[in-house]
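K.L.:
Quick one: structure below, then a few questions.
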Amino acid sequence: MTLPCFSVNRARAVVVASAICTLLTVATANAAPAPISLTVDASEAPSTSIVHVRETIPATPGTLDLAYPRWVPGEHSPAGPVQNMAAPVFTSGNTTLAWTRDPLDVNEFHVTVPPGVSSVDATFDYLGSKDGTYGEARLATATILAINWNQFLLYPAHADIGTTLFTPAIVLPGADWFAGTALPGPVKTGNTIAFGTTSLERLVDSPLDAGSVNKQFMLLDKDGFTNEIDAFADRPSQLELDDKNLAKFKNIPPEMDAIYGARHWTHYHFLLTVSDVMPGNGVEHTSSSDDGAGGDALTDDKAIVGTAGLLSHEFNHSWDGKYRRPADLATTNFQVPEGTDLLWIYEGMTQFYGDLVPTRAGFGTPERFRDDMAVVYANLDHEPGRLVRSLSDDAASAPFLYSAPRTLSSRRRSAGDFYSEGELLWLDVDAQLMAMSKGTKSLDGFCKTFFGIANTPPEVNPYTYDQFVAALNRYAPYNWDAYFKFKVFSVTEHPPSPFEKLGWKLVYTDKQSDVEAMRSTRSHGFEANFSLGTSGTADGRLGDVIPGSPAAKAGLGLGDQIVAVDDREFSADELLTEMKADVKSGQPLRLIVKRAGIFRTVTVAYHDGPKYPHLVRIDGVPDTLAVILAPHRAGASAK
Ligand SMILES: [Zn+2]
């Protein structure tokens, strides 16, 4: 068992020297109470969506304060689903104990412990939800179980999660179900798996997926390190990953090695559900990730590129997010609010590498990466919300943005912005590093010094903004503080634009790239953000209307449904056809629009046709982007 080296809270957000860290661990370990015994009985979850939880918690007479986790690492918001926790009962022997819920903190319970009692038994039911918030709807199907331990436990309120110990066990739906997890010490007896004693921090950092239809794909097994995909599906045919694509997945670990040069895991598990029934997901953990994709995720060539992106993104967090973590996200307790304002580093840089690594590993072409970046830039550059709120403010708003409506997000800004604008930012930083060093320094080089450092067991090494900037200045001296103050902390007219430094420029044409066409197909809607200034569903319901755009000037708004275009029934294709026709005819676009049962005619004065973003080469400027996108793993050759 490896306990996390240390954690910090907001008040002690300072990097502690490793010698002091060791002392802290020893001192607190001596004072640690006996482990909490936890049994998560998910045996009937596939049929009832209910999980039964039993705990035995050491206690002393008086009041025992217990908490249901609210701030779950990796979710960046107070999303612990307390509403699904039902029927709590606290007992000691045959005696039922009185309890109250804290009126000001509904996740906290006060249990009255009588004299002579040294432990409390707690039971509750977890009620699965089909329509919950992020990740919450993932629990069980007929063949898959997805366990995030934070949903199935109470722990002593105010306790340090790094030193609070649990001895967990899971009861599976069947003895023939296979379970994948990074939790240490599993012993399976029938349909029950008992694990060794571990810290609460490590427990919640080690989700478990199980299933009756499963397959393991070993990506790495060398020098004591292993990395595998534990895949769980609705049916066996969904797990028929071919050798060609398996070989590409095997390129992901060495591509990560090429960036970081060291690892903070010994045995890494991608816990991947491949299902048309279980909702998707993507949550990072130090030695595993909770990944969910569609039923074609391992068998359809186009979907596999997305799967590689999902896995690469979550894997990258093992270094950037889990090992090196902004100090305000490295809390000692799941009830303490997280400060999310540095997610433009944590998520932004991970978004960059989550797209870059699959390209280097051979899943996507450089053209696809360029098309992706063009769309990312264009979307942000058509977002009025950027003109009043900085990237830093967007990241700080994460706790409410993840659950915000997607409609009107161009004005609100969205959680997606610190991923996508962050991605452009880190491509720009990479371009800057390469330009000022004539190619001898790069973002990869910095990552080795800051996120890689040296092999370690799973542990948290927190940082502040000032420490991050100082490290970047040590690696490559530049006025990085001023750079970030301008691009991240200020409101800027345009998103970071790395393209010209890399030998490319952005243009708009009337041809959709494959990336955009695929997005439109997957979203089952239409995208005319860069032309009319609106987008919506396949049946014409508008999700966003960009202020100042032709659509907005014509009076279109959220709640409108376009039912006809130039007297023809609305469809995404019909809208495109008429927009192109109007370029030649000079006629405005005439729409019949339905709103709350009332029809009206709207005339949009727009004659420029469809517009889609692309990157094109700048003659005479070296193609540095090609250097960034080329394979970097040992032994690979650039094409
Ligand atoms: Zn992420």
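Chain identifiers are assigned as A, B, and so on, following the order in which chains appear in the structure tokens; residues are numbered from 1 within each chain, and ligands are numbered from 1 in order of appearance.
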What does the list of residues within 10 Å of ligand 1 look like if you count only C-alpha atoms and all ligand atoms, written as a list in words?
P.N.:
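The residues within 10 Å of ligand 1, counting only C-alpha atoms and all ligand atoms, are Gly74, Glu75, His76, Gly282, Val283, Glu284, Leu310, Ser312, His313, Glu314, Phe315, Asn316, His317, Asp320, Gly321, Leu343, Tyr346, Glu347, Gly348, Met349, Thr350, Gln351, Gly354 and Tyr419 of chain A.
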K.L.:
Can you pull out the residues contacting region 356-359 of chain A? Cut-off 8 Å, using only C-alpha atoms, and skip same-chain residues under 3 positions away; I want them as a list in words.
P.N.:
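My list of contacting residues is Ile252, Glu255, Met256, Val305, Ala308, Gly309, Ser312, Phe352, Tyr353, Gly362, Phe363, Gly364, Thr365, Pro366, Phe369, Leu629, Ala630 and Pro631 of chain A.
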K.L.:
Those same residues, written as a PDB file, in the first residue's frame with N, CA, C and O atoms?
P.N.:
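Full text of part.pdb as output:
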```pdb
ATOM      1  N   ILE A 252       0.570   4.883 -27.223  1.00  0.00           N
ATOM      2  CA  ILE A 252       0.238   5.979 -26.290  1.00  0.00           C
ATOM      3  C   ILE A 252       1.203   6.032 -25.097  1.00  0.00           C
ATOM      4  O   ILE A 252       1.745   7.113 -24.806  1.00  0.00           O
ATOM      5  N   GLU A 255       4.506   7.535 -26.148  1.00  0.00           N
ATOM      6  CA  GLU A 255       4.370   8.960 -26.481  1.00  0.00           C
ATOM      7  C   GLU A 255       4.291   9.792 -25.202  1.00  0.00           C
ATOM      8  O   GLU A 255       4.811  10.907 -25.149  1.00  0.00           O
ATOM      9  N   MET A 256       3.631   9.283 -24.171  1.00  0.00           N
ATOM     10  CA  MET A 256       3.602   9.996 -22.890  1.00  0.00           C
ATOM     11  C   MET A 256       5.005  10.041 -22.274  1.00  0.00           C
ATOM     12  O   MET A 256       5.410  11.065 -21.709  1.00  0.00           O
ATOM     13  N   VAL A 305     -10.704   7.065 -33.077  1.00  0.00           N
ATOM     14  CA  VAL A 305      -9.912   8.292 -32.916  1.00  0.00           C
ATOM     15  C   VAL A 305     -10.409   9.067 -31.692  1.00  0.00           C
ATOM     16  O   VAL A 305      -9.625   9.579 -30.888  1.00  0.00           O
ATOM     17  N   ALA A 308      -9.264   7.251 -28.554  1.00  0.00           N
ATOM     18  CA  ALA A 308      -7.849   7.533 -28.275  1.00  0.00           C
ATOM     19  C   ALA A 308      -7.697   8.914 -27.639  1.00  0.00           C
ATOM     20  O   ALA A 308      -6.878   9.101 -26.733  1.00  0.00           O
ATOM     21  N   GLY A 309      -8.513   9.876 -28.085  1.00  0.00           N
ATOM     22  CA  GLY A 309      -8.471  11.205 -27.494  1.00  0.00           C
ATOM     23  C   GLY A 309      -8.921  11.181 -26.037  1.00  0.00           C
ATOM     24  O   GLY A 309      -8.306  11.803 -25.171  1.00  0.00           O
ATOM     25  N   SER A 312      -6.193   9.405 -23.968  1.00  0.00           N
ATOM     26  CA  SER A 312      -4.977  10.225 -23.863  1.00  0.00           C
ATOM     27  C   SER A 312      -5.206  11.402 -22.918  1.00  0.00           C
ATOM     28  O   SER A 312      -4.326  11.753 -22.121  1.00  0.00           O
ATOM     29  N   PHE A 352      -4.762  19.987 -24.819  1.00  0.00           N
ATOM     30  CA  PHE A 352      -3.737  20.057 -25.872  1.00  0.00           C
ATOM     31  C   PHE A 352      -3.091  18.685 -26.072  1.00  0.00           C
ATOM     32  O   PHE A 352      -3.062  18.150 -27.188  1.00  0.00           O
ATOM     33  N   TYR A 353      -2.602  18.091 -24.988  1.00  0.00           N
ATOM     34  CA  TYR A 353      -1.934  16.795 -25.148  1.00  0.00           C
ATOM     35  C   TYR A 353      -2.940  15.674 -25.452  1.00  0.00           C
ATOM     36  O   TYR A 353      -2.586  14.696 -26.110  1.00  0.00           O
ATOM     37  N   GLY A 362      -0.549   8.024 -34.142  1.00  0.00           N
ATOM     38  CA  GLY A 362      -0.968   7.482 -35.432  1.00  0.00           C
ATOM     39  C   GLY A 362      -2.472   7.338 -35.619  1.00  0.00           C
ATOM     40  O   GLY A 362      -2.921   6.800 -36.630  1.00  0.00           O
ATOM     41  N   PHE A 363      -3.269   7.844 -34.672  1.00  0.00           N
ATOM     42  CA  PHE A 363      -4.730   7.724 -34.820  1.00  0.00           C
ATOM     43  C   PHE A 363      -5.278   8.759 -35.799  1.00  0.00           C
ATOM     44  O   PHE A 363      -6.074   8.439 -36.669  1.00  0.00           O
ATOM     45  N   GLY A 364      -4.886  10.004 -35.601  1.00  0.00           N
ATOM     46  CA  GLY A 364      -5.419  11.076 -36.450  1.00  0.00           C
ATOM     47  C   GLY A 364      -4.306  11.674 -37.295  1.00  0.00           C
ATOM     48  O   GLY A 364      -3.140  11.628 -36.925  1.00  0.00           O
ATOM     49  N   THR A 365      -4.669  12.242 -38.399  1.00  0.00           N
ATOM     50  CA  THR A 365      -3.673  12.853 -39.282  1.00  0.00           C
ATOM     51  C   THR A 365      -3.372  14.282 -38.825  1.00  0.00           C
ATOM     52  O   THR A 365      -4.178  14.908 -38.131  1.00  0.00           O
ATOM     53  N   PRO A 366      -2.231  14.829 -39.233  1.00  0.00           N
ATOM     54  CA  PRO A 366      -1.966  16.255 -38.967  1.00  0.00           C
ATOM     55  C   PRO A 366      -3.075  17.146 -39.516  1.00  0.00           C
ATOM     56  O   PRO A 366      -3.430  18.148 -38.898  1.00  0.00           O
ATOM     57  N   PHE A 369      -5.816  17.340 -37.029  1.00  0.00           N
ATOM     58  CA  PHE A 369      -5.447  18.200 -35.906  1.00  0.00           C
ATOM     59  C   PHE A 369      -5.598  19.667 -36.301  1.00  0.00           C
ATOM     60  O   PHE A 369      -6.152  20.475 -35.546  1.00  0.00           O
ATOM     61  N   LEU A 629       3.621  17.851 -34.403  1.00  0.00           N
ATOM     62  CA  LEU A 629       2.665  16.748 -34.598  1.00  0.00           C
ATOM     63  C   LEU A 629       3.328  15.418 -34.920  1.00  0.00           C
ATOM     64  O   LEU A 629       2.687  14.364 -34.823  1.00  0.00           O
ATOM     65  N   ALA A 630       4.594  15.431 -35.265  1.00  0.00           N
ATOM     66  CA  ALA A 630       5.275  14.178 -35.648  1.00  0.00           C
ATOM     67  C   ALA A 630       5.423  13.254 -34.446  1.00  0.00           C
ATOM     68  O   ALA A 630       5.468  13.717 -33.306  1.00  0.00           O
ATOM     69  N   PRO A 631       5.501  11.929 -34.682  1.00  0.00           N
ATOM     70  CA  PRO A 631       5.724  11.003 -33.562  1.00  0.00           C
ATOM     71  C   PRO A 631       6.985  11.382 -32.791  1.00  0.00           C
ATOM     72  O   PRO A 631       7.979  11.777 -33.389  1.00  0.00           O
TER      73      PRO A 631
END
```
K.L.:
Give me every strand (DSSP E or B) residue in region 228-455 of chain A, going by DSSP on the backbone, as a VMD selection string.
P.N.:
chain A and resid 228 to 233 267 to 274 281 to 284 288 to 293 320 324 to 326
K.L.:
List as a ChimeraX atom specification the protein and nucleic acid residues near Val72 (chain A), meaning an atom at most 12 Å away when only C-alpha atoms are counted, but skip any in the same chain fewer than 5 places from it.
P.N.:
/A:77-82,134-136,148-151,161,200-201,203-205,283-285,329-338,399
K.L.:
Do a neighbour search on Thr60 (chain A) at 7 Å with only C-alpha atoms, toss out local chain neighbours closer than 5 positions, and write the hits as a VMD selection string.
P.N.:
chain A and resid 113 117 to 118
K.L.:
Would you save the residues from that selection as an mmCIF file, in the first residue's frame, using N, CA, C and O atoms?
P.N.:
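Saved the output as out-v7.cif:
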```
data_model
loop_
_atom_site.group_PDB
_atom_site.id
_atom_site.type_symbol
_atom_site.label_atom_id
_atom_site.label_comp_id
_atom_site.auth_asym_id
_atom_site.auth_seq_id
_atom_site.Cartn_x
_atom_site.Cartn_y
_atom_site.Cartn_z
ATOM 1 N N VAL A 113 -23.677 9.008 19.848
ATOM 2 C CA VAL A 113 -23.021 7.747 20.220
ATOM 3 C C VAL A 113 -23.114 7.574 21.737
ATOM 4 O O VAL A 113 -22.593 8.403 22.487
ATOM 5 N N VAL A 117 -19.804 2.727 23.708
ATOM 6 C CA VAL A 117 -19.816 2.298 22.297
ATOM 7 C C VAL A 117 -18.498 2.713 21.625
ATOM 8 O O VAL A 117 -18.050 3.849 21.773
ATOM 9 N N SER A 118 -17.855 1.793 20.893
ATOM 10 C CA SER A 118 -16.574 2.100 20.256
ATOM 11 C C SER A 118 -16.656 2.090 18.725
ATOM 12 O O SER A 118 -15.668 2.383 18.055
#
```
K.L.:
DSSP on the backbone: what in region 175-349 of chain A comes out alpha helix (DSSP H), as a ChimeraX atom specification?
P.N.:
/A:200-204,243-249,252-260,301-316,343-349
K.L.:
Write out as a PyMOL selection string the residues lying within 9 Å of region 226-240 of chain A, counting only C-alpha atoms and excluding same-chain residues fewer than 2 positions away.
P.N.:
chain A and resi 141-145+179-181+209-224+242+253+266-278+295-299
K.L.:
Let me see the file: selected residues, C-alpha atoms, as a compact mmCIF listing (two decimals), in the first residue's frame.
P.N.:
```
# COMPACT_ATOMS: atom_id res chain seq x y z
CA THR A 141 -26.44 -2.08 -17.00
CA ALA A 142 -27.22 -5.76 -17.48
CA THR A 143 -23.52 -6.40 -18.16
CA ILE A 144 -21.56 -3.43 -16.71
CA LEU A 145 -21.03 -1.92 -13.28
CA ALA A 179 -13.45 -6.28 -12.00
CA GLY A 180 -10.79 -3.79 -13.06
CA THR A 181 -9.34 -1.28 -10.60
CA ASP A 209 -15.50 -1.14 -13.25
CA ALA A 210 -16.84 -4.66 -13.50
CA GLY A 211 -18.70 -6.65 -16.07
CA SER A 212 -19.73 -9.99 -17.43
CA VAL A 213 -18.64 -9.00 -20.98
CA ASN A 214 -15.06 -7.81 -20.80
CA LYS A 215 -11.61 -7.94 -22.32
CA GLN A 216 -8.19 -6.71 -21.26
CA PHE A 217 -5.75 -5.16 -23.72
CA MET A 218 -2.20 -4.96 -22.39
CA LEU A 219 -0.48 -1.86 -23.77
CA LEU A 220 2.70 -2.02 -21.70
CA ASP A 221 4.33 -4.68 -19.53
CA LYS A 222 7.96 -3.82 -19.01
CA ASP A 223 10.41 -3.22 -16.16
CA GLY A 224 7.71 -3.73 -13.53
CA ASP A 242 -8.25 -5.15 -34.44
CA PRO A 253 2.42 5.04 -23.27
CA THR A 266 3.26 1.61 -11.58
CA HIS A 267 0.15 -0.18 -12.83
CA TYR A 268 -2.22 2.03 -14.85
CA HIS A 269 -5.74 0.90 -15.78
CA PHE A 270 -7.93 2.53 -18.41
CA LEU A 271 -11.38 1.51 -17.11
CA LEU A 272 -13.34 1.79 -20.34
CA THR A 273 -17.04 1.13 -20.77
CA VAL A 274 -17.97 0.49 -24.41
CA SER A 275 -21.72 0.73 -24.44
CA ASP A 276 -24.80 2.11 -26.14
CA VAL A 277 -26.63 1.81 -22.82
CA MET A 278 -24.28 3.20 -20.18
CA GLY A 295 -20.70 0.89 -28.41
CA ASP A 296 -18.50 1.44 -31.50
CA ALA A 297 -15.60 2.92 -29.49
CA LEU A 298 -13.20 0.05 -30.25
CA THR A 299 -14.55 -1.21 -33.56
```
K.L.:
List the spatial neighbours of region 582-593 of chain A as a PyMOL selection string - criterion: any atom at most 7 Å away, only C-alpha atoms, same-chain residues fewer than 3 positions off excluded.
P.N.:
chain A and resi 560-566+578-579+599-609
K.L.:
Could the residues in this selection be written to a file with N, CA and C atoms, as an mmCIF file, in the first residue's frame?
P.N.:
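Full text of selection_1.cif as output:
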```cif
data_model
loop_
_atom_site.group_PDB
_atom_site.id
_atom_site.type_symbol
_atom_site.label_atom_id
_atom_site.label_comp_id
_atom_site.auth_asym_id
_atom_site.auth_seq_id
_atom_site.Cartn_x
_atom_site.Cartn_y
_atom_site.Cartn_z
ATOM 1 N N ASP A 560 -36.807 29.904 -30.630
ATOM 2 C CA ASP A 560 -37.313 29.866 -32.006
ATOM 3 C C ASP A 560 -37.011 28.512 -32.638
ATOM 4 N N GLN A 561 -37.937 28.075 -33.498
ATOM 5 C CA GLN A 561 -37.707 26.878 -34.315
ATOM 6 C C GLN A 561 -37.900 27.269 -35.770
ATOM 7 N N ILE A 562 -36.847 27.079 -36.576
ATOM 8 C CA ILE A 562 -36.980 27.354 -38.009
ATOM 9 C C ILE A 562 -37.716 26.172 -38.629
ATOM 10 N N VAL A 563 -38.866 26.435 -39.231
ATOM 11 C CA VAL A 563 -39.634 25.326 -39.828
ATOM 12 C C VAL A 563 -39.550 25.332 -41.353
ATOM 13 N N ALA A 564 -39.196 26.486 -41.961
ATOM 14 C CA ALA A 564 -39.076 26.534 -43.418
ATOM 15 C C ALA A 564 -38.012 27.548 -43.815
ATOM 16 N N VAL A 565 -37.303 27.245 -44.918
ATOM 17 C CA VAL A 565 -36.262 28.123 -45.459
ATOM 18 C C VAL A 565 -36.618 28.405 -46.909
ATOM 19 N N ASP A 566 -36.811 29.666 -47.230
ATOM 20 C CA ASP A 566 -37.199 30.054 -48.599
ATOM 21 C C ASP A 566 -38.332 29.159 -49.113
ATOM 22 N N GLU A 578 -29.966 26.752 -49.566
ATOM 23 C CA GLU A 578 -30.547 28.084 -49.786
ATOM 24 C C GLU A 578 -29.539 29.191 -49.508
ATOM 25 N N MET A 579 -28.655 28.967 -48.499
ATOM 26 C CA MET A 579 -27.630 29.987 -48.229
ATOM 27 C C MET A 579 -26.715 30.138 -49.442
ATOM 28 N N PHE A 599 -46.495 31.349 -35.528
ATOM 29 C CA PHE A 599 -45.584 31.378 -36.668
ATOM 30 C C PHE A 599 -45.341 32.829 -37.094
ATOM 31 N N ARG A 600 -44.121 33.077 -37.589
ATOM 32 C CA ARG A 600 -43.835 34.402 -38.149
ATOM 33 C C ARG A 600 -42.793 34.249 -39.259
ATOM 34 N N THR A 601 -42.716 35.227 -40.093
ATOM 35 C CA THR A 601 -41.701 35.212 -41.155
ATOM 36 C C THR A 601 -40.562 36.138 -40.757
ATOM 37 N N VAL A 602 -39.347 35.618 -40.921
ATOM 38 C CA VAL A 602 -38.145 36.381 -40.560
ATOM 39 C C VAL A 602 -37.256 36.481 -41.793
ATOM 40 N N THR A 603 -36.791 37.676 -42.092
ATOM 41 C CA THR A 603 -35.892 37.875 -43.234
ATOM 42 C C THR A 603 -34.488 38.161 -42.707
ATOM 43 N N VAL A 604 -33.520 37.330 -43.110
ATOM 44 C CA VAL A 604 -32.135 37.502 -42.653
ATOM 45 C C VAL A 604 -31.322 38.085 -43.789
ATOM 46 N N ALA A 605 -30.781 39.283 -43.570
ATOM 47 C CA ALA A 605 -30.000 39.954 -44.613
ATOM 48 C C ALA A 605 -28.581 39.398 -44.601
ATOM 49 N N TYR A 606 -28.409 38.258 -45.270
ATOM 50 C CA TYR A 606 -27.092 37.614 -45.303
ATOM 51 C C TYR A 606 -26.881 37.016 -46.687
ATOM 52 N N HIS A 607 -25.744 37.320 -47.304
ATOM 53 C CA HIS A 607 -25.537 36.899 -48.693
ATOM 54 C C HIS A 607 -24.175 36.259 -48.925
ATOM 55 N N ASP A 608 -23.459 35.941 -47.846
ATOM 56 C CA ASP A 608 -22.075 35.477 -48.025
ATOM 57 C C ASP A 608 -21.939 33.955 -48.021
ATOM 58 N N GLY A 609 -23.043 33.241 -47.907
ATOM 59 C CA GLY A 609 -22.984 31.781 -47.983
ATOM 60 C C GLY A 609 -22.370 31.152 -46.739
#
```
K.L.:
Just want the 10 Å neighbourhood of Pro88 (chain A), counted on only C-alpha atoms, with same-chain residues fewer than 4 positions away dropped. Output as a ChimeraX atom specification.
P.N.:
/A:53,99,109,122-126
K.L.:
Since we have the selection now, will you write its residues out, keeping N, CA, C and O atoms, as a short mmCIF file (atom, residue, chain, number, x, y, z; two decimals), in the first residue's frame?
P.N.:
```cif
data_model
loop_
_atom_site.label_atom_id
_atom_site.label_comp_id
_atom_site.auth_asym_id
_atom_site.auth_seq_id
_atom_site.Cartn_x
_atom_site.Cartn_y
_atom_site.Cartn_z
N VAL A 53 -25.12 -0.05 1.01
CA VAL A 53 -23.83 0.29 1.62
C VAL A 53 -23.86 -0.07 3.10
O VAL A 53 -24.84 0.23 3.80
N TRP A 99 -29.99 10.52 15.09
CA TRP A 99 -29.12 11.35 14.26
C TRP A 99 -29.89 12.53 13.72
O TRP A 99 -31.14 12.51 13.66
N PHE A 109 -23.97 14.60 8.78
CA PHE A 109 -24.86 13.93 9.72
C PHE A 109 -24.23 13.96 11.12
O PHE A 109 -23.04 13.73 11.26
N ALA A 122 -23.17 1.92 10.00
CA ALA A 122 -24.00 2.81 9.16
C ALA A 122 -24.42 2.04 7.91
O ALA A 122 -23.61 1.32 7.32
N THR A 123 -25.68 2.17 7.56
CA THR A 123 -26.14 1.60 6.29
C THR A 123 -26.93 2.68 5.53
O THR A 123 -27.54 3.55 6.14
N PHE A 124 -26.86 2.64 4.21
CA PHE A 124 -27.75 3.45 3.40
C PHE A 124 -27.85 2.82 2.02
O PHE A 124 -27.07 1.92 1.67
N ASP A 125 -28.84 3.26 1.27
CA ASP A 125 -28.99 2.80 -0.11
C ASP A 125 -28.59 3.93 -1.05
O ASP A 125 -28.93 5.10 -0.81
N TYR A 126 -27.89 3.56 -2.11
CA TYR A 126 -27.59 4.53 -3.16
C TYR A 126 -28.55 4.25 -4.31
O TYR A 126 -28.61 3.12 -4.82
#
```
K.L.:
Go through A:Ser535, A:Gly185, A:Pro35, A:Arg519 one by one, measure the shortest atom-to-atom distance of each to Lys302 (chain A) using only C-alpha atoms, and give the residue with the smallest value.
P.N.:
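Among A:Ser535, A:Gly185, A:Pro35, A:Arg519, it is A:Arg519 that comes nearest to Lys302 (chain A).
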